[in-house]
Amino acid sequence: MNRLGGWLYRRAENVLAAMLAVMFFAFLFQIFARYVMNWPTGWTNELSAILWIWMVLWGAAFVLTEQEEMRFDLIYASVRPRARSVMFLISAASLIFLYAVSFPAVFDYVSFMKVESTAYLKLRFDWVFSIYVVFVIAIIIRYLWLSWQVLLGSAPEEFDPTKAGSGV
């Protein structure tokens, strides 16, 4: 199971890297077209914006690990493992509840957006925003899994100041 999970994680990273590469080359083409060829392009801007949305939500759903998420954990990091577990379970239950309650409305809205399309690429907005549906499902599953792990006795990791960094 761990091998399959590792393989899927690497493929999710590959998809994220491919989206970044396409966005970067679209950006470079936009600069070349506008300033060298004097030919403004709108589709490159649109593609970059769509890919940015997809990259953020895809990365948060499948690539970002629990330890890499940004959070204000002054109290959380200073308590004992049992208290961290309780705090995690309360937070996870809240997230699962809120995403699950909002899911029908999110799905209806994304489905409704099939009536509109983007200006240049003519992509239907339900396809553009479908990544949010995937994100919500992935986050619900992630927090159910993490909650299960905590209930089985695996406390969330304690803050290690020797591993702290600015992220730069």
# chains A, B, ... in the order shown; residues from 1 in each chain; ligands from 1
>>> select_by_dssp(residues="chain A", states="alpha helix (DSSP H)", output="JSON, numbers by chain")
{"A": [2, 3, 4, 5, 6, 7, 8, 9, 10, 11, 12, 13, 14, 15, 16, 17, 18, 19, 20, 21, 22, 23, 24, 25, 26, 27, 28, 29, 30, 31, 32, 33, 34, 35, 43, 44, 45, 46, 47, 48, 49, 50, 51, 52, 53, 54, 55, 56, 57, 58, 81, 82, 83, 84, 85, 86, 87, 88, 89, 90, 91, 92, 93, 94, 95, 96, 97, 98, 99, 100, 101, 102, 103, 104, 105, 106, 107, 108, 109, 110, 111, 112, 125, 126, 127, 128, 130, 131, 132, 133, 134, 135, 136, 137, 138, 139, 140, 141, 142, 143, 144, 145, 146, 147, 148, 149, 150, 151]}
>>> closest_atom_pairs(of="range 40-78 of chain A", to="range 118-139 of chain A", cutoff="8 Å", atoms="only C-alpha atoms", output="tab-separated table")
residue	atom	partner	partner_atom	distance
A:Gly42	CA	A:Tyr120	CA	6.5
A:Trp43	CA	A:Tyr120	CA	5.2
A:Glu46	CA	A:Tyr120	CA	7.2
A:Leu47	CA	A:Leu121	CA	7.8
A:Ile50	CA	A:Val128	CA	6.8
A:Trp54	CA	A:Ile131	CA	6.3
A:Leu57	CA	A:Phe135	CA	6.0
A:Trp58	CA	A:Phe135	CA	6.8
A:Ala60	CA	A:Phe135	CA	7.6
A:Ala61	CA	A:Phe135	CA	5.2
A:Phe62	CA	A:Ala138	CA	7.4
>>> closest_residue(among="A:Tyr35, A:Phe112, A:Phe88, A:Tyr99", to="Glu66 in chain A", atoms="only C-alpha atoms")
A:Phe88
>>> atom_distance(atom1="CA of Ser78 in chain A", atom2="CA of Ala92 in chain A")
19.0 Å
>>> closest_residue(among="A:Leu16, A:Ala33, A:Val106, A:Ile140", to="Ala93 in chain A", atoms="only C-alpha atoms")
A:Ile140
>>> closest_residue(among="A:Asn14, A:Ser147, A:Gln30, A:Asn2", to="Ile90 in chain A", atoms="only C-alpha atoms")
A:Ser147
